[in-house]
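Content type compact mmCIF, C-alpha atoms, from the file entry-v8.txt:
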```txt
# COMPACT_ATOMS: atom_id res chain seq x y z
CA MET A 1 -137.33 71.94 -77.74
CA ARG A 2 -136.80 75.52 -76.75
CA ARG A 3 -137.04 77.63 -73.65
CA ARG A 4 -139.78 80.23 -73.61
CA HIS A 5 -142.19 82.05 -71.35
CA ALA A 6 -145.75 80.75 -70.96
CA CYS A 7 -148.83 81.49 -68.95
CA LEU A 8 -150.34 78.22 -67.81
CA MET A 9 -153.88 77.30 -66.87
CA ILE A 10 -155.29 74.14 -65.42
CA LEU A 11 -159.03 73.57 -65.21
CA ASP A 12 -160.30 70.72 -63.09
CA ILE A 13 -163.79 69.42 -62.32
CA ARG A 14 -164.22 69.32 -58.55
CA GLY A 15 -165.41 66.07 -56.99
CA PHE A 16 -165.20 64.10 -60.21
CA SER A 17 -164.32 60.85 -58.43
CA ARG A 18 -167.27 61.24 -56.06
CA LEU A 19 -169.60 62.07 -58.96
CA SER A 20 -168.29 59.04 -60.86
CA ALA A 21 -169.28 56.80 -57.95
CA GLU A 22 -172.78 58.32 -57.89
CA HIS A 23 -173.60 58.35 -61.63
CA ALA A 24 -173.48 55.96 -64.57
CA PRO A 25 -170.30 56.02 -66.67
CA GLU A 26 -172.28 57.23 -69.70
CA THR A 27 -173.56 60.20 -67.69
CA MET A 28 -170.02 61.04 -66.61
CA VAL A 29 -168.68 60.79 -70.17
CA GLU A 30 -171.41 63.17 -71.35
CA ALA A 31 -170.51 65.69 -68.63
CA LEU A 32 -166.79 65.36 -69.31
CA LEU A 33 -167.21 65.87 -73.06
CA ALA A 34 -169.40 68.95 -72.49
CA PHE A 35 -166.74 70.39 -70.19
CA ARG A 36 -163.91 69.63 -72.61
CA ALA A 37 -165.77 71.23 -75.53
CA LEU A 38 -166.44 74.33 -73.43
CA ALA A 39 -162.79 74.54 -72.34
CA GLN A 40 -161.35 73.87 -75.81
CA GLY A 41 -163.49 76.57 -77.42
CA LEU A 42 -162.74 79.23 -74.83
CA ILE A 43 -159.01 78.48 -74.66
CA ALA A 44 -158.68 78.79 -78.45
CA GLU A 45 -160.86 81.92 -78.48
CA HIS A 46 -158.50 83.61 -75.99
CA GLY A 47 -155.25 82.73 -77.79
CA GLY A 48 -154.30 79.61 -75.88
CA LEU A 49 -153.97 75.99 -76.79
CA VAL A 50 -154.89 72.82 -74.99
CA ASP A 51 -151.70 70.99 -74.07
CA LYS A 52 -153.47 67.88 -72.87
CA TYR A 53 -156.45 66.36 -71.14
CA VAL A 54 -155.62 64.49 -67.95
CA GLY A 55 -158.70 62.69 -66.67
CA ASP A 56 -161.17 65.45 -65.78
CA ALA A 57 -158.55 68.21 -66.03
CA VAL A 58 -157.51 70.39 -68.95
CA LEU A 59 -153.99 71.81 -69.16
CA ALA A 60 -153.69 74.89 -71.36
CA GLN A 61 -150.82 77.12 -72.30
CA PHE A 62 -150.72 80.67 -73.56
CA VAL A 63 -147.39 81.11 -75.36
CA VAL A 64 -148.11 83.57 -78.17
CA GLY A 65 -147.03 87.18 -77.79
CA PRO A 66 -145.30 88.93 -74.93
CA PRO A 67 -145.87 87.63 -71.38
CA GLU A 68 -148.30 90.47 -70.55
CA GLU A 69 -150.47 89.55 -73.54
CA GLN A 70 -150.36 85.87 -72.56
CA ALA A 71 -151.52 86.74 -69.03
CA ARG A 72 -154.35 88.96 -70.23
CA GLY A 73 -155.58 86.20 -72.55
CA ALA A 74 -155.38 83.53 -69.86
CA LEU A 75 -157.17 85.71 -67.29
CA ALA A 76 -159.93 86.58 -69.76
CA CYS A 77 -160.25 82.89 -70.58
CA ALA A 78 -160.53 81.91 -66.90
CA ARG A 79 -163.28 84.48 -66.37
CA ALA A 80 -165.09 83.27 -69.51
CA VAL A 81 -164.86 79.67 -68.25
CA ARG A 82 -166.48 80.72 -64.96
CA ALA A 83 -169.34 82.44 -66.83
CA ARG A 84 -169.79 79.65 -69.38
CA VAL A 85 -169.80 76.91 -66.70
CA ALA A 86 -172.57 78.85 -64.92
CA ALA A 87 -174.58 78.90 -68.17
CA LEU A 88 -173.85 75.21 -68.77
CA ASN A 89 -175.06 74.42 -65.26
CA ARG A 90 -178.33 76.27 -65.87
CA ALA A 91 -178.91 74.09 -68.94
CA ARG A 92 -177.86 70.97 -67.03
CA ALA A 93 -180.32 71.82 -64.22
CA LEU A 94 -183.17 72.15 -66.73
CA ALA A 95 -182.22 68.70 -68.07
CA GLY A 96 -182.16 67.23 -64.55
CA ARG A 97 -178.36 66.85 -64.54
CA PHE A 98 -175.94 67.53 -61.68
CA PRO A 99 -173.93 70.80 -61.79
CA LEU A 100 -170.24 70.92 -62.59
CA ARG A 101 -167.89 72.83 -60.30
CA VAL A 102 -164.61 73.85 -61.85
CA ALA A 103 -161.38 75.06 -60.27
CA VAL A 104 -159.01 77.15 -62.40
CA ALA A 105 -155.37 77.80 -61.44
CA LEU A 106 -153.11 80.26 -63.30
CA HIS A 107 -149.32 80.58 -63.20
CA ALA A 108 -146.54 81.96 -65.39
CA GLY A 109 -142.89 81.18 -65.94
CA ASP A 110 -140.18 79.91 -68.25
CA LEU A 111 -140.50 76.39 -69.61
CA LEU A 112 -139.10 73.98 -72.15
CA VAL A 113 -141.63 73.85 -74.98
CA GLY A 114 -141.62 71.44 -77.87
CA VAL A 115 -142.07 67.94 -79.14
CA PHE A 116 -140.77 65.30 -76.77
CA ASP A 117 -140.05 62.11 -78.68
CA ASP A 118 -138.86 58.96 -76.93
CA GLY A 119 -138.72 56.99 -80.18
CA VAL A 120 -142.10 55.37 -79.56
CA ARG A 121 -144.41 58.33 -79.06
CA ALA A 122 -144.00 62.01 -79.86
CA GLU A 123 -145.94 64.59 -77.91
CA TYR A 124 -145.95 68.39 -77.88
CA THR A 125 -145.81 69.59 -74.28
CA VAL A 126 -144.17 71.89 -71.76
CA LEU A 127 -141.82 70.98 -68.91
CA GLY A 128 -140.12 72.87 -66.13
CA PRO A 129 -140.46 74.28 -62.63
CA ALA A 130 -143.46 76.41 -63.63
CA MET A 131 -145.40 73.21 -64.42
CA ASN A 132 -144.57 71.76 -61.00
CA THR A 133 -145.66 75.01 -59.35
CA LEU A 134 -148.91 75.00 -61.34
CA ALA A 135 -149.72 71.50 -60.03
CA ARG A 136 -149.20 72.69 -56.43
CA LEU A 137 -151.32 75.78 -57.09
CA GLU A 138 -154.13 73.61 -58.44
CA SER A 139 -154.18 71.56 -55.24
CA ARG A 140 -154.21 74.71 -53.12
CA THR A 141 -156.97 76.24 -55.28
CA LYS A 142 -159.17 73.21 -54.66
CA ALA A 143 -158.32 73.07 -50.94
CA ALA A 144 -159.30 76.74 -50.56
CA ASP A 145 -162.54 76.07 -52.53
CA LEU A 146 -161.78 78.76 -55.12
CA ASP A 147 -163.22 79.05 -58.62
CA ILE A 148 -160.18 80.92 -59.97
CA ALA A 149 -156.81 81.40 -58.33
CA ALA A 150 -153.54 82.83 -59.61
CA SER A 151 -149.96 83.14 -58.47
CA GLY A 152 -148.40 86.53 -57.85
CA ASP A 153 -146.02 85.80 -60.76
CA PHE A 154 -149.03 85.52 -63.05
CA LEU A 155 -150.87 88.57 -61.68
CA ARG A 156 -147.84 90.87 -61.99
CA LEU A 157 -148.03 90.33 -65.76
CA THR A 158 -151.58 91.63 -66.03
CA GLY A 159 -150.43 95.21 -65.28
CA PRO A 160 -150.87 97.62 -62.39
CA ILE A 161 -154.65 97.78 -62.80
CA LEU A 162 -156.74 94.66 -63.26
CA PRO A 163 -159.44 94.53 -65.93
CA ASP A 164 -162.82 95.95 -64.96
CA GLY A 165 -164.79 93.49 -62.87
CA VAL A 166 -161.78 91.70 -61.33
CA THR A 167 -160.56 91.68 -57.72
CA ILE A 168 -157.84 89.71 -56.05
CA ALA A 169 -157.50 88.60 -52.46
CA PRO A 170 -154.49 86.84 -50.93
CA ILE A 171 -155.06 83.31 -49.63
CA GLN A 172 -153.39 82.77 -46.28
CA ASP A 173 -152.67 79.06 -46.54
CA GLY A 174 -148.95 79.12 -45.77
CA GLY A 175 -148.10 77.88 -49.27
CA ASN A 176 -145.42 79.12 -51.62
CA PRO A 177 -145.69 80.93 -53.97
CA ALA A 178 -148.36 83.38 -52.87
CA LEU A 179 -151.84 82.44 -54.08
CA PHE A 180 -154.62 84.92 -54.83
CA ALA A 181 -158.35 84.36 -55.25
CA VAL A 182 -159.63 86.02 -58.42
CA GLY A 183 -163.10 87.48 -57.93
CA GLU A 184 -165.21 90.38 -59.12
CA GLY A 185 -164.64 94.15 -58.58
CA ARG A 186 -161.56 96.39 -59.14
CA GLN A 187 -158.26 96.39 -57.25
CA ARG A 188 -154.51 96.86 -57.84
CA VAL A 189 -152.24 93.92 -58.66
CA PRO A 190 -149.71 93.03 -55.92
CA ALA A 191 -146.18 94.45 -56.32
```

What do you get writing this file as structure tokens?
Amino acid sequence: MRRRHACLMILDIRGFSRLSAEHAPETMVEALLAFRALAQGLIAEHGGLVDKYVGDAVLAQFVVGPPEEQARGALACARAVRARVAALNRARALAGRFPLRVAVALHAGDLLVGVFDDGVRAEYTVLGPAMNTLARLESRTKAADLDIAASGDFLRLTGPILPDGVTIAPIQDGGNPALFAVGEGRQRVPA
């Protein structure tokens, strides 16, 4: 195990439990596998790796390169997920399938990274306060009904000017750390 910086992303299908109660298990497995394939491909394409699948959620980490590069890759990936889910939903609608709504939360921080082996099972993963914060951010992202949200710690790494087509707006939910909705347009990153 070693300590290192990572940008973290969690993608979660909204309302999966409700959808599971309304549709056959085979239909849900098909939707889940389509979502996982979409996420896996985009995460790898943007320099990240899937840490694990947890039910209908995907945990990804971006650990290669300097923190600013990690953040740019994770942000580009989140935006690509939003676009690709929209395209997937168009295809699903043509096939008479229900749409998938996905929430994406982004955070950055130092973690312990490595293989955790308890003598029975070995697993590569990340641990630390940043993971706990990411879990809280995911809950807040869903509660605020956001497609993509990021912490201020994450957004500071993207640089003083966001990529073309990206805006941020603070979410006033009383939570800590600060949470920002990631939308479309152009705006400065918070100091």

_Residue list as a VMD selection string for point (-172.6, 62.5, -68.6), cut-off 12 Å, all atoms listed in the file_ = chain A and resid 16 19 to 20 22 to 36 92 95 to 100

_Selection near range 138-144 of chain A, 8 Å with only C-alpha atoms, sequence-local residues under 4 positions removed, as a ChimeraX atom specification_ = /A:10,14,103-105,134,148-149,171,175

_Counting only C-alpha atoms, the option among A:Leu162, A:Ala150, A:Leu157, A:Val50 closest to His107 in chain A_ =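 Using only C-alpha atoms, His107 in chain A sits closest to A:Ala150.
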
_Using all atoms listed in the file, can you tell me which of A:Thr167, A:Ser151, A:Thr133, A:Thr158 comes closest to Glu69 in chain A?_
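Ranked by minimum distance to Glu69 in chain A, first place goes to A:Thr158.
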
Around all listed atoms of range 41-46 of chain A, padded 3 Å per side, what centre and edge lengths does the axis-aligned box have in Å to one decimal, as lines of an AutoDock Vina configuration file?
```
center_x = -161.0
center_y = 80.1
center_z = -76.6
size_x = 11.0
size_y = 13.0
size_z = 9.8
```

*Measuring atom to atom with all atoms listed in the file, identify which of A:Pro129, A:Gly73, A:Gly15, A:Gly65 is nearest to Leu42 in chain A.*
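Comparing A:Pro129, A:Gly73, A:Gly15, A:Gly65 against Leu42 in chain A, the winner is A:Gly73.
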
Got a sec: who's within 12 Å of Gln70 in chain A, counting all atoms listed in the file, leaving out chain neighbours fewer than 4 positions off, as a compact mmCIF listing (two decimals) with C-alpha atoms, keeping the file's coordinate frame?
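Output file part.txt is given in full below:
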```
# COMPACT_ATOMS: atom_id res chain seq x y z
CA HIS A 5 -142.19 82.05 -71.35
CA ALA A 6 -145.75 80.75 -70.96
CA CYS A 7 -148.83 81.49 -68.95
CA LEU A 8 -150.34 78.22 -67.81
CA MET A 9 -153.88 77.30 -66.87
CA ILE A 43 -159.01 78.48 -74.66
CA HIS A 46 -158.50 83.61 -75.99
CA GLY A 47 -155.25 82.73 -77.79
CA GLY A 48 -154.30 79.61 -75.88
CA LEU A 49 -153.97 75.99 -76.79
CA ALA A 60 -153.69 74.89 -71.36
CA GLN A 61 -150.82 77.12 -72.30
CA PHE A 62 -150.72 80.67 -73.56
CA VAL A 63 -147.39 81.11 -75.36
CA VAL A 64 -148.11 83.57 -78.17
CA GLY A 65 -147.03 87.18 -77.79
CA PRO A 66 -145.30 88.93 -74.93
CA ALA A 74 -155.38 83.53 -69.86
CA LEU A 75 -157.17 85.71 -67.29
CA ALA A 76 -159.93 86.58 -69.76
CA CYS A 77 -160.25 82.89 -70.58
CA LEU A 106 -153.11 80.26 -63.30
CA HIS A 107 -149.32 80.58 -63.20
CA ALA A 108 -146.54 81.96 -65.39
CA GLY A 109 -142.89 81.18 -65.94
CA PHE A 154 -149.03 85.52 -63.05
CA LEU A 155 -150.87 88.57 -61.68
CA ARG A 156 -147.84 90.87 -61.99
CA LEU A 157 -148.03 90.33 -65.76
CA THR A 158 -151.58 91.63 -66.03
CA GLY A 159 -150.43 95.21 -65.28
```

*Select, from A:Val166, A:Leu112, A:Leu146, A:Ala71, the residue with the minimum atom-to-atom distance to Ala130 in chain A, counting all atoms listed in the file.*
A:Leu112

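Across the structure, CA of Ala57 in chain A and CA of Val102 in chain A are spaced 9.3 Å apart.
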
*Could you tell me how far CA of Asp12 in chain A lies from CA of Val58 in chain A, in Å and to one decimal?*
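Result for CA of Asp12 in chain A versus CA of Val58 in chain A: 6.5 Å, one decimal.
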
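For the residues A:Asn176, A:Leu111, A:Pro160, A:Gly183, ranking by smallest atom-to-atom distance to Arg2 in chain A using only C-alpha atoms places A:Leu111 first.
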
*Nearest to Asp164 in chain A: which of A:Glu68, A:Glu45, A:Glu184, A:Asp110 is it, counting all atoms listed in the file?*
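Ranking A:Glu68, A:Glu45, A:Glu184, A:Asp110 by distance to Asp164 in chain A, first place goes to A:Glu184.
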
*Distance in Å - CA of Phe180 in chain A versus CA of Gly152 in chain A*: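 A separation of 7.1 Å between them.
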
Because some atoms of range 93-104 of chain A are absent here, can you restore all heavy atoms and send them as an mmCIF file, keeping the file's coordinate frame?
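Saved as out.cif:
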```
data_model
loop_
_atom_site.group_PDB
_atom_site.id
_atom_site.type_symbol
_atom_site.label_atom_id
_atom_site.label_comp_id
_atom_site.auth_asym_id
_atom_site.auth_seq_id
_atom_site.Cartn_x
_atom_site.Cartn_y
_atom_site.Cartn_z
ATOM 1 N N ALA A 93 -179.248 71.873 -65.223
ATOM 2 C CA ALA A 93 -180.320 71.820 -64.220
ATOM 3 C C ALA A 93 -181.673 71.612 -64.897
ATOM 4 O O ALA A 93 -182.494 70.809 -64.421
ATOM 5 C CB ALA A 93 -180.322 73.089 -63.382
ATOM 6 N N LEU A 94 -181.907 72.307 -65.996
ATOM 7 C CA LEU A 94 -183.170 72.150 -66.730
ATOM 8 C C LEU A 94 -183.329 70.724 -67.265
ATOM 9 O O LEU A 94 -184.444 70.227 -67.401
ATOM 10 C CB LEU A 94 -183.251 73.153 -67.887
ATOM 11 C CG LEU A 94 -183.431 74.614 -67.479
ATOM 12 C CD1 LEU A 94 -183.331 75.520 -68.697
ATOM 13 C CD2 LEU A 94 -184.770 74.808 -66.764
ATOM 14 N N ALA A 95 -182.202 70.080 -67.563
ATOM 15 C CA ALA A 95 -182.220 68.700 -68.070
ATOM 16 C C ALA A 95 -182.176 67.668 -66.936
ATOM 17 O O ALA A 95 -182.105 66.470 -67.199
ATOM 18 C CB ALA A 95 -181.047 68.484 -69.019
ATOM 19 N N GLY A 96 -182.197 68.145 -65.684
ATOM 20 C CA GLY A 96 -182.160 67.230 -64.550
ATOM 21 C C GLY A 96 -180.789 66.643 -64.271
ATOM 22 O O GLY A 96 -180.674 65.589 -63.642
ATOM 23 N N ARG A 97 -179.734 67.325 -64.729
ATOM 24 C CA ARG A 97 -178.360 66.850 -64.540
ATOM 25 C C ARG A 97 -177.694 67.563 -63.371
ATOM 26 O O ARG A 97 -178.054 68.676 -63.025
ATOM 27 C CB ARG A 97 -177.517 67.101 -65.797
ATOM 28 C CG ARG A 97 -178.048 66.458 -67.042
ATOM 29 C CD ARG A 97 -177.621 65.040 -67.100
ATOM 30 N NE ARG A 97 -177.917 64.496 -68.417
ATOM 31 C CZ ARG A 97 -178.019 63.229 -68.646
ATOM 32 N NH1 ARG A 97 -177.859 62.362 -67.677
ATOM 33 N NH2 ARG A 97 -178.278 62.781 -69.842
ATOM 34 N N PHE A 98 -176.679 66.927 -62.790
ATOM 35 C CA PHE A 98 -175.940 67.530 -61.680
ATOM 36 C C PHE A 98 -175.067 68.684 -62.212
ATOM 37 O O PHE A 98 -174.646 68.669 -63.367
ATOM 38 C CB PHE A 98 -175.063 66.484 -60.984
ATOM 39 C CG PHE A 98 -174.078 65.791 -61.887
ATOM 40 C CD1 PHE A 98 -172.829 66.346 -62.143
ATOM 41 C CD2 PHE A 98 -174.409 64.581 -62.483
ATOM 42 C CE1 PHE A 98 -171.930 65.719 -62.976
ATOM 43 C CE2 PHE A 98 -173.506 63.939 -63.323
ATOM 44 C CZ PHE A 98 -172.272 64.509 -63.572
ATOM 45 N N PRO A 99 -174.793 69.683 -61.365
ATOM 46 C CA PRO A 99 -173.930 70.800 -61.790
ATOM 47 C C PRO A 99 -172.461 70.391 -61.780
ATOM 48 O O PRO A 99 -172.055 69.471 -61.077
ATOM 49 C CB PRO A 99 -174.199 71.868 -60.728
ATOM 50 C CG PRO A 99 -174.562 71.090 -59.510
ATOM 51 C CD PRO A 99 -175.307 69.865 -60.009
ATOM 52 N N LEU A 100 -171.689 71.099 -62.579
ATOM 53 C CA LEU A 100 -170.240 70.920 -62.590
ATOM 54 C C LEU A 100 -169.604 72.096 -61.866
ATOM 55 O O LEU A 100 -169.965 73.248 -62.100
ATOM 56 C CB LEU A 100 -169.715 70.883 -64.034
ATOM 57 C CG LEU A 100 -170.228 69.746 -64.907
ATOM 58 C CD1 LEU A 100 -169.704 69.899 -66.334
ATOM 59 C CD2 LEU A 100 -169.814 68.406 -64.326
ATOM 60 N N ARG A 101 -168.673 71.797 -60.976
ATOM 61 C CA ARG A 101 -167.890 72.830 -60.300
ATOM 62 C C ARG A 101 -166.467 72.718 -60.812
ATOM 63 O O ARG A 101 -165.899 71.629 -60.833
ATOM 64 C CB ARG A 101 -167.939 72.651 -58.789
ATOM 65 C CG ARG A 101 -169.353 72.898 -58.234
ATOM 66 C CD ARG A 101 -169.384 72.886 -56.718
ATOM 67 N NE ARG A 101 -168.506 73.925 -56.177
ATOM 68 C CZ ARG A 101 -167.652 73.728 -55.170
ATOM 69 N NH1 ARG A 101 -167.561 72.552 -54.586
ATOM 70 N NH2 ARG A 101 -166.903 74.708 -54.725
ATOM 71 N N VAL A 102 -165.926 73.845 -61.227
ATOM 72 C CA VAL A 102 -164.610 73.850 -61.850
ATOM 73 C C VAL A 102 -163.662 74.745 -61.072
ATOM 74 O O VAL A 102 -164.025 75.853 -60.674
ATOM 75 C CB VAL A 102 -164.721 74.335 -63.324
ATOM 76 C CG1 VAL A 102 -163.350 74.430 -63.974
ATOM 77 C CG2 VAL A 102 -165.635 73.409 -64.118
ATOM 78 N N ALA A 103 -162.452 74.264 -60.863
ATOM 79 C CA ALA A 103 -161.380 75.060 -60.270
ATOM 80 C C ALA A 103 -160.390 75.408 -61.372
ATOM 81 O O ALA A 103 -160.029 74.553 -62.185
ATOM 82 C CB ALA A 103 -160.675 74.261 -59.169
ATOM 83 N N VAL A 104 -159.970 76.674 -61.404
ATOM 84 C CA VAL A 104 -159.010 77.150 -62.400
ATOM 85 C C VAL A 104 -157.810 77.728 -61.668
ATOM 86 O O VAL A 104 -157.966 78.582 -60.796
ATOM 87 C CB VAL A 104 -159.628 78.243 -63.305
ATOM 88 C CG1 VAL A 104 -158.612 78.723 -64.331
ATOM 89 C CG2 VAL A 104 -160.897 77.742 -63.979
#
```
